[in-house]
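A.B. asks: So here's entry-v1.pdb (PDB, C-alpha atoms).
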ATOM      1  CA  MET A  89      35.175 148.770 110.219
ATOM      2  CA  THR A  90      34.835 149.661 106.538
ATOM      3  CA  GLN A  91      37.933 151.891 106.659
ATOM      4  CA  ILE A  92      39.969 149.183 108.411
ATOM      5  CA  HIS A  93      38.800 146.615 105.853
ATOM      6  CA  GLN A  94      39.770 148.868 102.930
ATOM      7  CA  ARG A  95      43.189 149.562 104.441
ATOM      8  CA  VAL A  96      43.878 145.850 104.920
ATOM      9  CA  LEU A  97      42.792 145.077 101.353
ATOM     10  CA  LYS A  98      44.948 147.897  99.959
ATOM     11  CA  GLY A  99      48.043 146.606 101.763
ATOM     12  CA  ARG A 100      47.535 142.887 101.187
ATOM     13  CA  VAL A 101      50.276 141.284  99.107
ATOM     14  CA  TRP A 102      49.099 139.054  96.268
ATOM     15  CA  VAL A 103      51.370 136.798  94.239
ATOM     16  CA  ALA A 104      50.470 136.424  90.562
ATOM     17  CA  LEU A 105      51.837 133.467  88.579
ATOM     18  CA  HIS A 106      52.141 133.411  84.778
ATOM     19  CA  MET A 107      53.131 130.055  83.300
ATOM     20  CA  HIS A 108      54.487 128.945  79.940
ATOM     21  CA  ALA A 109      52.805 125.989  78.285
ATOM     22  CA  GLY A 110      55.356 123.230  77.773
ATOM     23  CA  ASP A 111      58.720 124.618  78.918
ATOM     24  CA  GLY A 112      58.140 124.700  82.683
ATOM     25  CA  ASN A 113      58.789 128.434  83.220
ATOM     26  CA  VAL A 114      56.738 130.224  85.854
ATOM     27  CA  HIS A 115      56.840 134.034  86.147
ATOM     28  CA  THR A 116      56.119 135.426  89.599
ATOM     29  CA  ASN A 117      54.792 138.984  89.849
ATOM     30  CA  ILE A 118      53.969 140.793  93.089
ATOM     31  CA  PRO A 119      52.037 144.054  92.498
ATOM     32  CA  VAL A 120      52.567 146.639  95.233
ATOM     33  CA  ASN A 121      51.453 150.176  96.037
ATOM     34  CA  SER A 122      54.474 152.452  96.177
ATOM     35  CA  ASP A 123      52.820 154.661  98.821
ATOM     36  CA  ASP A 124      52.658 151.784 101.354
ATOM     37  CA  TYR A 125      56.065 151.196 102.929
ATOM     38  CA  GLU A 126      54.966 148.210 105.034
ATOM     39  CA  MET A 127      53.526 146.541 101.937
ATOM     40  CA  LEU A 128      56.869 146.931 100.173
ATOM     41  CA  GLN A 129      58.693 145.226 103.033
ATOM     42  CA  THR A 130      56.156 142.390 103.058
ATOM     43  CA  ALA A 131      56.644 141.948  99.303
ATOM     44  CA  HIS A 132      60.429 141.697  99.747
ATOM     45  CA  GLU A 133      59.930 138.971 102.351
ATOM     46  CA  ALA A 134      57.512 137.172  99.999
ATOM     47  CA  VAL A 135      60.153 137.165  97.247
ATOM     48  CA  LYS A 136      62.657 135.484  99.572
ATOM     49  CA  ARG A 137      60.105 132.820 100.524
ATOM     50  CA  ILE A 138      59.274 132.166  96.859
ATOM     51  CA  MET A 139      62.943 131.756  95.941
ATOM     52  CA  LYS A 140      63.459 129.341  98.825
ATOM     53  CA  LEU A 141      60.346 127.366  97.805
ATOM     54  CA  ALA A 142      61.530 127.147  94.188
ATOM     55  CA  ARG A 143      64.856 125.660  95.332
ATOM     56  CA  SER A 144      63.107 123.154  97.605
ATOM     57  CA  LEU A 145      61.029 121.901  94.648
ATOM     58  CA  ASN A 146      64.201 121.258  92.590
ATOM     59  CA  GLY A 147      63.497 124.338  90.499
ATOM     60  CA  VAL A 148      65.896 127.054  89.368
ATOM     61  CA  ILE A 149      65.766 130.764  90.033
ATOM     62  CA  SER A 150      65.262 131.629  86.390
ATOM     63  CA  GLY A 151      65.143 129.798  83.111
ATOM     64  CA  GLU A 152      64.533 132.916  81.064
ATOM     65  CA  HIS A 153      65.257 136.446  82.346
ATOM     66  CA  GLY A 154      65.512 138.668  85.410
ATOM     67  CA  ILE A 155      68.716 137.172  86.776
ATOM     68  CA  GLY A 156      70.973 139.988  85.557
ATOM     69  CA  ILE A 157      70.240 142.206  88.558
ATOM     70  CA  THR A 158      66.921 141.554  90.282
ATOM     71  CA  LYS A 159      67.550 137.883  91.159
ATOM     72  CA  LEU A 160      71.314 138.045  91.489
ATOM     73  CA  GLU A 161      71.302 137.866  95.286
ATOM     74  CA  PHE A 162      69.507 134.487  95.136
ATOM     75  CA  LEU A 163      72.106 132.829  92.878
ATOM     76  CA  THR A 164      75.100 131.002  94.302
ATOM     77  CA  ASP A 165      78.723 131.732  93.445
ATOM     78  CA  GLU A 166      78.997 128.234  91.946
ATOM     79  CA  GLU A 167      76.171 128.986  89.524
ATOM     80  CA  LEU A 168      77.686 132.315  88.504
ATOM     81  CA  GLN A 169      81.308 131.174  88.100
ATOM     82  CA  PRO A 170      81.068 129.562  84.594
ATOM     83  CA  PHE A 171      79.492 132.745  83.203
ATOM     84  CA  ALA A 172      82.027 134.976  84.983
ATOM     85  CA  ASP A 173      84.915 132.931  83.525
ATOM     86  CA  TYR A 174      83.481 133.147  80.001
ATOM     87  CA  LYS A 175      82.821 136.875  80.375
ATOM     88  CA  GLN A 176      86.388 137.500  81.508
ATOM     89  CA  ARG A 177      87.695 135.563  78.495
ATOM     90  CA  VAL A 178      85.642 137.281  75.768
ATOM     91  CA  ASP A 179      85.162 140.710  77.373
ATOM     92  CA  PRO A 180      88.065 141.397  79.760
ATOM     93  CA  GLU A 181      87.388 145.160  79.834
ATOM     94  CA  GLY A 182      83.743 144.696  80.832
ATOM     95  CA  ARG A 183      82.221 146.694  78.005
ATOM     96  CA  PHE A 184      79.109 144.582  77.448
ATOM     97  CA  ASN A 185      76.226 144.793  79.946
ATOM     98  CA  LYS A 186      78.424 146.132  82.712
ATOM     99  CA  GLY A 187      77.895 144.333  85.981
ATOM    100  CA  LYS A 188      75.109 142.053  84.766
ATOM    101  CA  LEU A 189      75.228 138.588  86.360
ATOM    102  CA  LEU A 190      78.475 139.455  88.118
ATOM    103  CA  ARG A 191      78.860 139.598  91.865
ATOM    104  CA  HIS A 192      81.747 142.036  91.505
ATOM    105  CA  ALA A 193      83.044 144.225  88.705
ATOM    106  CA  GLN A 194      86.521 145.368  87.803
ATOM    107  CA  MET A 195      86.618 149.183  87.822
ATOM    108  CA  ASP A 196      89.895 151.017  87.150
ATOM    109  CA  GLY A 197      91.950 148.154  88.470
ATOM    110  CA  ALA A 198      89.926 147.791  91.701
ATOM    111  CA  THR A 199      87.253 145.244  92.463
ATOM    112  CA  SER A 200      83.965 146.682  93.758
ATOM    113  CA  VAL A 201      80.397 145.545  94.291
ATOM    114  CA  TYR A 202      78.550 146.440  91.114
ATOM    115  CA  SER A 203      75.269 144.592  90.693
ATOM    116  CA  ASP A 204      73.717 144.888  94.134
ATOM    117  CA  LEU A 205      70.221 146.387  94.129
ATOM    118  CA  THR A 206      71.098 148.586  97.112
ATOM    119  CA  ASN A 207      72.694 151.169  94.818
ATOM    120  CA  ALA A 208      70.394 150.716  91.811
ATOM    121  CA  TYR A 209      68.652 153.958  90.845
ATOM    122  CA  THR A 210      65.330 152.696  89.603
ATOM    123  CA  PRO A 211      61.846 153.376  91.069
ATOM    124  CA  SER A 212      61.016 149.689  90.585
ATOM    125  CA  PHE A 213      63.439 148.415  93.220
ATOM    126  CA  GLY A 214      65.606 150.039  95.875
ATOM    127  CA  LEU A 215      64.194 153.551  95.626
ATOM    128  CA  MET A 216      60.546 152.548  95.864
ATOM    129  CA  GLY A 217      60.829 152.461  99.638
ATOM    130  CA  HIS A 218      62.131 156.029  99.695
ATOM    131  CA  GLU A 219      59.364 157.065  97.290
ATOM    132  CA  SER A 220      56.655 155.663  99.555
ATOM    133  CA  ILE A 221      57.927 157.685 102.533
ATOM    134  CA  ILE A 222      58.123 160.887 100.454
ATOM    135  CA  MET A 223      54.603 160.374  99.112
ATOM    136  CA  GLN A 224      53.186 159.729 102.581
ATOM    137  CA  GLN A 225      54.837 162.724 104.249
ATOM    138  CA  SER A 226      54.659 165.463 101.620
ATOM    139  CA  ASP A 227      52.083 167.711  99.968
ATOM    140  CA  ILE A 228      53.168 166.396  96.581
ATOM    141  CA  GLY A 229      51.660 163.050  97.564
ATOM    142  CA  ALA A 230      48.237 164.643  98.072
ATOM    143  CA  ILE A 231      48.443 166.333  94.661
ATOM    144  CA  ALA A 232      49.413 163.064  92.975
ATOM    145  CA  ASP A 233      46.537 161.279  94.726
ATOM    146  CA  SER A 234      44.003 163.886  93.559
ATOM    147  CA  ILE A 235      44.777 163.283  89.855
ATOM    148  CA  LYS A 236      45.578 159.555  89.859
ATOM    149  CA  ASP A 237      42.104 158.511  88.583
ATOM    150  CA  CYS A 238      42.286 160.561  85.347
ATOM    151  CA  LEU A 239      41.191 158.486  82.327
ATOM    152  CA  ARG A 240      42.948 160.763  79.762
ATOM    153  CA  CYS A 241      39.649 160.916  77.849
ATOM    154  CA  GLY A 242      39.878 164.658  77.070
ATOM    155  CA  LYS A 243      36.218 165.440  77.799
ATOM    156  CA  CYS A 244      37.400 168.458  79.783
ATOM    157  CA  LYS A 245      38.934 170.150  76.730
ATOM    158  CA  PRO A 246      35.813 171.801  75.190
ATOM    159  CA  VAL A 247      34.854 173.573  78.435
ATOM    160  CA  CYS A 248      38.328 174.726  79.458
ATOM    161  CA  ALA A 249      39.142 178.417  79.028
ATOM    162  CA  THR A 250      42.865 177.697  78.809
ATOM    163  CA  HIS A 251      42.520 175.206  75.949
ATOM    164  CA  VAL A 252      42.466 177.195  72.714
ATOM    165  CA  PRO A 253      44.353 175.162  70.058
ATOM    166  CA  ARG A 254      44.195 177.875  67.366
ATOM    167  CA  ALA A 255      46.108 180.164  69.719
ATOM    168  CA  ASN A 256      48.575 177.399  70.655
ATOM    169  CA  LEU A 257      47.075 177.372  74.149
ATOM    170  CA  LEU A 258      46.815 173.692  75.084
ATOM    171  CA  TYR A 259      46.404 173.808  78.850
ATOM    172  CA  SER A 260      43.380 171.531  79.218
ATOM    173  CA  PRO A 261      43.030 169.683  82.556
ATOM    174  CA  ARG A 262      43.933 166.452  80.743
ATOM    175  CA  ASN A 263      47.202 167.876  79.441
ATOM    176  CA  LYS A 264      47.986 169.503  82.786
ATOM    177  CA  ILE A 265      47.378 166.233  84.616
ATOM    178  CA  LEU A 266      49.826 164.479  82.269
ATOM    179  CA  ALA A 267      52.394 167.221  82.878
ATOM    180  CA  THR A 268      51.823 167.183  86.644
ATOM    181  CA  SER A 269      52.287 163.406  86.779
ATOM    182  CA  LEU A 270      55.612 163.702  84.965
ATOM    183  CA  LEU A 271      56.740 166.515  87.265
ATOM    184  CA  VAL A 272      55.815 164.485  90.336
ATOM    185  CA  GLU A 273      58.008 161.662  89.006
ATOM    186  CA  ALA A 274      60.827 164.172  88.475
ATOM    187  CA  PHE A 275      60.416 165.518  92.021
ATOM    188  CA  LEU A 276      60.497 162.009  93.485
ATOM    189  CA  TYR A 277      63.603 161.041  91.530
ATOM    190  CA  GLU A 278      65.444 164.180  92.576
ATOM    191  CA  GLU A 279      64.444 163.727  96.217
ATOM    192  CA  GLN A 280      65.535 160.082  96.118
ATOM    193  CA  THR A 281      68.937 160.918  94.686
ATOM    194  CA  ARG A 282      69.335 163.732  97.258
ATOM    195  CA  ARG A 283      70.140 166.374  94.678
ATOM    196  CA  GLY A 284      67.201 168.647  95.494
ATOM    197  CA  VAL A 285      64.441 169.695  93.121
ATOM    198  CA  SER A 286      65.790 171.807  90.261
ATOM    199  CA  ILE A 287      64.561 175.363  89.729
ATOM    200  CA  LYS A 288      63.534 174.457  86.191
ATOM    201  CA  HIS A 289      61.087 171.854  87.470
ATOM    202  CA  TRP A 290      59.549 174.351  89.898
ATOM    203  CA  GLU A 291      59.122 176.794  87.006
ATOM    204  CA  GLU A 292      57.311 174.175  84.912
ATOM    205  CA  PHE A 293      55.178 173.245  87.928
ATOM    206  CA  GLU A 294      54.201 176.897  88.351
ATOM    207  CA  ASP A 295      53.407 177.212  84.649
ATOM    208  CA  VAL A 296      50.905 174.351  84.914
ATOM    209  CA  ALA A 297      49.375 175.723  88.129
ATOM    210  CA  ASP A 298      48.967 179.268  86.799
ATOM    211  CA  HIS A 299      47.158 178.257  83.589
ATOM    212  CA  CYS A 300      43.833 177.739  85.342
ATOM    213  CA  THR A 301      41.010 180.225  85.880
ATOM    214  CA  VAL A 302      39.594 178.115  88.750
ATOM    215  CA  CYS A 303      36.178 178.150  87.078
ATOM    216  CA  HIS A 304      35.524 174.485  88.032
ATOM    217  CA  LYS A 305      33.813 173.819  84.672
ATOM    218  CA  CYS A 306      35.996 170.753  84.134
ATOM    219  CA  VAL A 307      34.219 168.809  86.893
ATOM    220  CA  ASN A 308      30.890 168.257  85.092
ATOM    221  CA  PRO A 309      32.179 166.443  81.961
ATOM    222  CA  CYS A 310      34.843 164.503  83.912
ATOM    223  CA  PRO A 311      33.854 160.816  84.358
ATOM    224  CA  VAL A 312      35.883 160.583  87.605
ATOM    225  CA  LYS A 313      35.060 164.106  88.847
ATOM    226  CA  ILE A 314      38.544 165.591  89.062
ATOM    227  CA  ASP A 315      38.321 169.315  89.849
ATOM    228  CA  PHE A 316      41.530 170.755  88.448
ATOM    229  CA  GLY A 317      40.580 174.117  89.933
ATOM    230  CA  ASP A 318      41.146 172.632  93.382
ATOM    231  CA  VAL A 319      44.269 170.851  92.150
ATOM    232  CA  SER A 320      45.650 174.151  90.832
ATOM    233  CA  MET A 321      45.060 175.867  94.176
ATOM    234  CA  ASN A 322      46.881 173.037  95.983
ATOM    235  CA  MET A 323      49.761 173.351  93.533
ATOM    236  CA  ARG A 324      49.969 177.108  94.110
ATOM    237  CA  ASN A 325      49.859 176.627  97.875
ATOM    238  CA  LEU A 326      52.737 174.148  97.613
ATOM    239  CA  LEU A 327      54.746 176.641  95.566
ATOM    240  CA  ARG A 328      54.173 179.318  98.223
ATOM    241  CA  LYS A 329      55.111 176.905 100.990
ATOM    242  CA  MET A 330      58.355 176.010  99.222
ATOM    243  CA  GLY A 331      59.136 179.657  98.444
ATOM    244  CA  GLN A 332      58.986 179.007  94.692
ATOM    245  CA  LYS A 333      55.955 181.173  93.790
ATOM    246  CA  SER A 334      56.869 184.010  91.429
ATOM    247  CA  PHE A 335      55.356 187.452  91.868
ATOM    248  CA  ARG A 336      53.180 188.500  88.940
ATOM    249  CA  PRO A 337      51.229 191.787  89.191
ATOM    250  CA  GLY A 338      48.239 190.474  87.221
ATOM    251  CA  ASN A 339      47.912 187.343  89.356
ATOM    252  CA  ALA A 340      48.323 189.346  92.545
ATOM    253  CA  ALA A 341      45.570 191.784  91.486
ATOM    254  CA  ALA A 342      43.186 188.955  90.587
ATOM    255  CA  MET A 343      43.759 187.154  93.887
ATOM    256  CA  LEU A 344      43.348 190.424  95.781
ATOM    257  CA  MET A 345      39.950 190.946  94.173
ATOM    258  CA  LEU A 346      38.873 187.359  94.896
ATOM    259  CA  ASN A 347      39.935 187.483  98.537
ATOM    260  CA  THR A 348      38.693 190.977  99.421
ATOM    261  CA  THR A 349      35.534 191.139 101.548
ATOM    262  CA  ASN A 350      35.148 194.875 102.191
ATOM    263  CA  PRO A 351      32.439 196.314  99.804
ATOM    264  CA  GLN A 352      34.214 199.635  99.267
ATOM    265  CA  THR A 353      37.531 197.941  98.515
ATOM    266  CA  ILE A 354      35.814 195.571  96.098
ATOM    267  CA  LYS A 355      34.194 198.508  94.274
ATOM    268  CA  MET A 356      37.516 200.330  94.005
ATOM    269  CA  ILE A 357      39.418 197.284  92.720
ATOM    270  CA  ARG A 358      36.660 196.413  90.254
ATOM    271  CA  GLY A 359      36.635 199.961  88.918
ATOM    272  CA  ALA A 360      40.397 199.922  88.437
ATOM    273  CA  MET A 361      40.417 196.509  86.774
ATOM    274  CA  VAL A 362      37.305 196.927  84.601
ATOM    275  CA  ASP A 363      37.436 200.585  83.682
ATOM    276  CA  VAL A 364      41.201 200.851  83.294
ATOM    277  CA  GLY A 365      42.528 197.311  82.912
ATOM    278  CA  PHE A 366      40.015 196.051  80.335
ATOM    279  CA  LYS A 367      40.365 199.197  78.255
ATOM    280  CA  ALA A 368      44.141 198.764  78.242
ATOM    281  CA  GLN A 369      43.675 195.125  77.266
ATOM    282  CA  ARG A 370      41.411 196.042  74.332
ATOM    283  CA  MET A 371      43.863 198.696  73.198
ATOM    284  CA  ALA A 372      46.732 196.194  73.243
ATOM    285  CA  ASN A 373      44.577 193.654  71.392
ATOM    286  CA  ASN A 374      43.732 196.144  68.637
ATOM    287  CA  LEU A 375      47.361 197.157  68.386
ATOM    288  CA  LEU A 376      48.760 193.617  68.124
ATOM    289  CA  ARG A 377      45.924 192.017  66.151
ATOM    290  CA  GLY A 378      47.667 192.583  62.849
ATOM    291  CA  PHE A 379      50.767 190.684  63.961
ATOM    292  CA  ALA A 380      48.689 187.708  65.160
ATOM    293  CA  ARG A 381      46.561 187.514  61.987
ATOM    294  CA  LYS A 382      49.503 186.316  59.881
ATOM    295  CA  GLN A 383      50.180 183.419  62.267
ATOM    296  CA  VAL A 384      46.511 182.351  62.301
ATOM    297  CA  THR A 385      45.722 182.717  58.598
ATOM    298  CA  ARG A 386      49.049 181.468  57.260
ATOM    299  CA  PRO A 387      50.542 178.902  59.663
ATOM    300  CA  ARG A 388      54.021 177.632  59.017
ATOM    301  CA  LYS A 389      54.378 174.733  56.610
ATOM    302  CA  ARG A 390      55.199 171.288  57.927
ATOM    303  CA  THR A 391      58.899 170.525  58.059
ATOM    304  CA  ALA A 392      58.279 166.932  56.924
ATOM    305  CA  PRO A 393      55.527 165.329  54.820
ATOM    306  CA  LEU A 394      52.952 163.092  56.473
ATOM    307  CA  PRO A 395      53.811 159.386  56.189
ATOM    308  CA  SER A 396      51.871 157.532  53.529
ATOM    309  CA  ARG A 397      49.587 154.680  54.528
ATOM    310  CA  SER A 398      50.167 151.258  53.099
ATOM    311  CA  ARG A 399      47.148 149.331  51.958
TER     312      ARG A 399
END
Before anything else, please render the file you have as structure tokens.

C.D. replies:
Amino acid sequence: MTQIHQRVLKGRVWVALHMHAGDGNVHTNIPVNSDDYEMLQTAHEAVKRIMKLARSLNGVISGEHGIGITKLEFLTDEELQPFADYKQRVDPEGRFNKGKLLRHAQMDGATSVYSDLTNAYTPSFGLMGHESIIMQQSDIGAIADSIKDCLRCGKCKPVCATHVPRANLLYSPRNKILATSLLVEAFLYEEQTRRGVSIKHWEEFEDVADHCTVCHKCVNPCPVKIDFGDVSMNMRNLLRKMGQKSFRPGNAAAMLMLNTTNPQTIKMIRGAMVDVGFKAQRMANNLLRGFARKQVTRPRKRTAPLPSRSR
């Protein structure tokens, strides 16, 4: 019963009204969850009912804003005609706010539908329905859900092994969550526009996923208990599933050691990695330390002075 109750509450459509004191304007906002397709359809029906109710109360569709595109379908041709005539007179080539408040637009000598929301590429309107289906039926939706509660507080930074500012290594869970959220948005947009996810975005996604030692230390200081170690593993699994995981010898050796269960194999791999690998790492560190010292002790000067504060 509790699960059913929570699902009903999550999908219930609420209408929020914000009113102006004195001028009679009422703003209607309907918050929706983009991962609930049925909720989106219910919200669209609610909008139609609200517009019809406003007309029946001798109100107008808008006395302020929103009629350029989002409310255009609820305006009559008679209401639009005076504006269309004026627009044609002062801007015959349609250079200003193309298509806004116009049922049709003149394009290269031909008249075509221009302002309909059906072809509007914005996550807020027509594409939100596509987004909800993608999020429900893809692994990327599970990854987005696992990081959605992040507070951006940065308490994970001090304990993260991949967050070393003096070495220009800024891969804290907080920063990686911000990057992952942006990449998820990029994936959704590219899926919605049917162009396919670009290779560059997969490379950035892999960069975020690989900069994690899966030590799980970020869980303890996190107020909402996000384990970016688990998130990283889910990201890597998605990359493998999509055939976008690059082969790196070091990563392959580390995963081989973590996944091996045979005692003799573990001893052999550990000997190779510790006795040989660590010694080679120390040798490279000693060799390149001199080149790194200049960057650390004498960082580059700022290209622009800091802005002065006014008192």

A.B. asks: Counting only C-alpha atoms, what is within 6 Å of segment 311-323 of chain A, bar same-chain residues fewer than 3 positions away, as a PyMOL selection string?

C.D. replies: chain A and resi 297+302+304+307+326

A.B. asks: Based on the selection just made, write C-alpha atoms of those residues as a compact mmCIF listing (two decimals), in the frame of the given file.

C.D. replies:
# COMPACT_ATOMS: atom_id res chain seq x y z
CA ALA A 297 49.38 175.72 88.13
CA VAL A 302 39.59 178.12 88.75
CA HIS A 304 35.52 174.48 88.03
CA VAL A 307 34.22 168.81 86.89
CA LEU A 326 52.74 174.15 97.61

A.B. asks: Skipping near chain neighbours, those fewer than 2 positions away, what residues fall within 10 Å of segment 169-179 of chain A using only C-alpha atoms, listed as a ChimeraX atom specification?

C.D. replies: /A:164-167,181-184,188-192

A.B. asks: Pull C-alpha atoms from the residues just selected and write them as a tab-separated table (two decimals), in the coordinates of the input.

C.D. replies:
chain	number	residue	atom	x	y	z
A	164	THR	CA	75.10	131.00	94.30
A	165	ASP	CA	78.72	131.73	93.44
A	166	GLU	CA	79.00	128.23	91.95
A	167	GLU	CA	76.17	128.99	89.52
A	181	GLU	CA	87.39	145.16	79.83
A	182	GLY	CA	83.74	144.70	80.83
A	183	ARG	CA	82.22	146.69	78.00
A	184	PHE	CA	79.11	144.58	77.45
A	188	LYS	CA	75.11	142.05	84.77
A	189	LEU	CA	75.23	138.59	86.36
A	190	LEU	CA	78.47	139.46	88.12
A	191	ARG	CA	78.86	139.60	91.86
A	192	HIS	CA	81.75	142.04	91.50

A.B. asks: Name the residues that the PyMOL selection byres ((chain A and resi 259) around 9) picks from the file above, as a list in words, using the file's chain letters and numbers.

C.D. replies: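 Taken over the shown coordinates, the PyMOL selection byres ((chain A and resi 259) around 9) returns Lys245, Cys248, Ala249, Thr250, His251, Val252, Leu257, Leu258, Ser260, Pro261, Arg262, Asn263, Lys264, Val296, His299 and Cys300 of chain A.
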
A.B. asks: Save the residues we just selected, C-alpha atoms, as a PDB file, keeping the file's coordinate frame?

C.D. replies:
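Contents of the output file selection-v9.pdb:
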ATOM      1  CA  LYS A 245      38.934 170.150  76.730  1.00  0.00           C
ATOM      2  CA  CYS A 248      38.328 174.726  79.458  1.00  0.00           C
ATOM      3  CA  ALA A 249      39.142 178.417  79.028  1.00  0.00           C
ATOM      4  CA  THR A 250      42.865 177.697  78.809  1.00  0.00           C
ATOM      5  CA  HIS A 251      42.520 175.206  75.949  1.00  0.00           C
ATOM      6  CA  VAL A 252      42.466 177.195  72.714  1.00  0.00           C
ATOM      7  CA  LEU A 257      47.075 177.372  74.149  1.00  0.00           C
ATOM      8  CA  LEU A 258      46.815 173.692  75.084  1.00  0.00           C
ATOM      9  CA  SER A 260      43.380 171.531  79.218  1.00  0.00           C
ATOM     10  CA  PRO A 261      43.030 169.683  82.556  1.00  0.00           C
ATOM     11  CA  ARG A 262      43.933 166.452  80.743  1.00  0.00           C
ATOM     12  CA  ASN A 263      47.202 167.876  79.441  1.00  0.00           C
ATOM     13  CA  LYS A 264      47.986 169.503  82.786  1.00  0.00           C
ATOM     14  CA  VAL A 296      50.905 174.351  84.914  1.00  0.00           C
ATOM     15  CA  HIS A 299      47.158 178.257  83.589  1.00  0.00           C
ATOM     16  CA  CYS A 300      43.833 177.739  85.342  1.00  0.00           C
TER      17      CYS A 300
END

A.B. asks: Could you state the separation of atom CA of Val135 of chain A and atom CA of Ala109 of chain A in Å, given to one decimal place?

C.D. replies: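 Rounded to one decimal, the two atoms are 23.2 Å apart.
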
A.B. asks: Would you write out, as an mmCIF file with C-alpha atoms, in the coordinates of the input, every residue that the PyMOL selection byres ((chain A and resi 287-293) around 8) captures in this file?

C.D. replies:
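Below is the file part_24.cif, written as the result:
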data_model
loop_
_atom_site.group_PDB
_atom_site.id
_atom_site.type_symbol
_atom_site.label_atom_id
_atom_site.label_comp_id
_atom_site.auth_asym_id
_atom_site.auth_seq_id
_atom_site.Cartn_x
_atom_site.Cartn_y
_atom_site.Cartn_z
ATOM 1 C CA THR A 268 51.823 167.183 86.644
ATOM 2 C CA LEU A 271 56.740 166.515 87.265
ATOM 3 C CA ALA A 274 60.827 164.172 88.475
ATOM 4 C CA PHE A 275 60.416 165.518 92.021
ATOM 5 C CA VAL A 285 64.441 169.695 93.121
ATOM 6 C CA SER A 286 65.790 171.807 90.261
ATOM 7 C CA GLU A 294 54.201 176.897 88.351
ATOM 8 C CA ASP A 295 53.407 177.212 84.649
ATOM 9 C CA VAL A 296 50.905 174.351 84.914
ATOM 10 C CA ALA A 297 49.375 175.723 88.129
ATOM 11 C CA MET A 323 49.761 173.351 93.533
ATOM 12 C CA LEU A 327 54.746 176.641 95.566
ATOM 13 C CA GLN A 332 58.986 179.007 94.692
#

A.B. asks: Taking all atoms listed in the file into account, which of A:Lys329, A:Lys136, A:Leu128, A:Gly99 comes nearest Ile228 of chain A?

C.D. replies: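 Distance minimum relative to Ile228 of chain A lands on A:Lys329.
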
A.B. asks: What is the distance, in Å and to one decimal place, between atom CA of Val148 of chain A and atom CA of Lys186 of chain A?

C.D. replies: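 Atom CA of Val148 of chain A sits 23.8 Å away from atom CA of Lys186 of chain A.
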
A.B. asks: Please, what distance in Å, to one decimal, runs between atom CA of Ile155 of chain A and atom CA of Leu168 of chain A?

C.D. replies: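 Result for atom CA of Ile155 of chain A versus atom CA of Leu168 of chain A: 10.3 Å, one decimal.
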
A.B. asks: Given all atoms listed in the file as the basis, pick out the residue of A:His132, A:His115, A:Arg370, A:Lys305 nearest to Val101 of chain A.

C.D. replies: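 Nearest candidate to Val101 of chain A out of A:His132, A:His115, A:Arg370, A:Lys305: A:His132.
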
A.B. asks: Name the residues in contact with segment 353-361 of chain A at a cut-off of 12 Å, using all atoms listed in the file, excluding same-chain residues fewer than 3 positions from it; report them as a PDB file with C-alpha atoms, in the coordinates of the input.

C.D. replies:
ATOM      1  CA  GLY A 338      48.239 190.474  87.221  1.00  0.00           C
ATOM      2  CA  ALA A 340      48.323 189.346  92.545  1.00  0.00           C
ATOM      3  CA  ALA A 341      45.570 191.784  91.486  1.00  0.00           C
ATOM      4  CA  ALA A 342      43.186 188.955  90.587  1.00  0.00           C
ATOM      5  CA  MET A 343      43.759 187.154  93.887  1.00  0.00           C
ATOM      6  CA  LEU A 344      43.348 190.424  95.781  1.00  0.00           C
ATOM      7  CA  MET A 345      39.950 190.946  94.173  1.00  0.00           C
ATOM      8  CA  LEU A 346      38.873 187.359  94.896  1.00  0.00           C
ATOM      9  CA  ASN A 347      39.935 187.483  98.537  1.00  0.00           C
ATOM     10  CA  THR A 348      38.693 190.977  99.421  1.00  0.00           C
ATOM     11  CA  THR A 349      35.534 191.139 101.548  1.00  0.00           C
ATOM     12  CA  ASN A 350      35.148 194.875 102.191  1.00  0.00           C
ATOM     13  CA  VAL A 364      41.201 200.851  83.294  1.00  0.00           C
ATOM     14  CA  GLY A 365      42.528 197.311  82.912  1.00  0.00           C
ATOM     15  CA  PHE A 366      40.015 196.051  80.335  1.00  0.00           C
ATOM     16  CA  LYS A 367      40.365 199.197  78.255  1.00  0.00           C
ATOM     17  CA  ALA A 368      44.141 198.764  78.242  1.00  0.00           C
ATOM     18  CA  GLN A 369      43.675 195.125  77.266  1.00  0.00           C
TER      19      GLN A 369
END

A.B. asks: Name the closest residue to Ile231 of chain A among the candidates A:Glu126, A:Ile149, A:Arg324, A:Pro180; distances are taken between atoms, counting all atoms listed in the file.

C.D. replies: A:Arg324

A.B. asks: Would you mind telling me which residue in A:Met107, A:Ile265, A:Met89, A:Val120 lies nearest to Cys244 of chain A when using all atoms listed in the file?

C.D. replies: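 Using all atoms listed in the file, the shortest distance to Cys244 of chain A belongs to A:Ile265.
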
A.B. asks: N, CA and C atoms are what I want for segment 299-303 of chain A; can you complete it accordingly and write them as a JSON list (two decimals), keeping the file's coordinate frame?

C.D. replies:
[["chain", "number", "residue", "atom", "x", "y", "z"],
["A", 299, "HIS", "N", 48.06, 178.28, 84.75],
["A", 299, "HIS", "CA", 47.16, 178.26, 83.59],
["A", 299, "HIS", "C", 45.84, 177.60, 83.97],
["A", 300, "CYS", "N", 45.16, 178.21, 84.91],
["A", 300, "CYS", "CA", 43.83, 177.74, 85.34],
["A", 300, "CYS", "C", 43.07, 178.93, 85.88],
["A", 301, "THR", "N", 41.84, 179.11, 85.41],
["A", 301, "THR", "CA", 41.01, 180.22, 85.88],
["A", 301, "THR", "C", 40.17, 179.85, 87.10],
["A", 302, "VAL", "N", 40.32, 178.63, 87.57],
["A", 302, "VAL", "CA", 39.59, 178.12, 88.75],
["A", 302, "VAL", "C", 38.09, 178.32, 88.57],
["A", 303, "CYS", "N", 37.61, 178.01, 87.36],
["A", 303, "CYS", "CA", 36.18, 178.15, 87.08],
["A", 303, "CYS", "C", 35.40, 176.89, 87.44]]
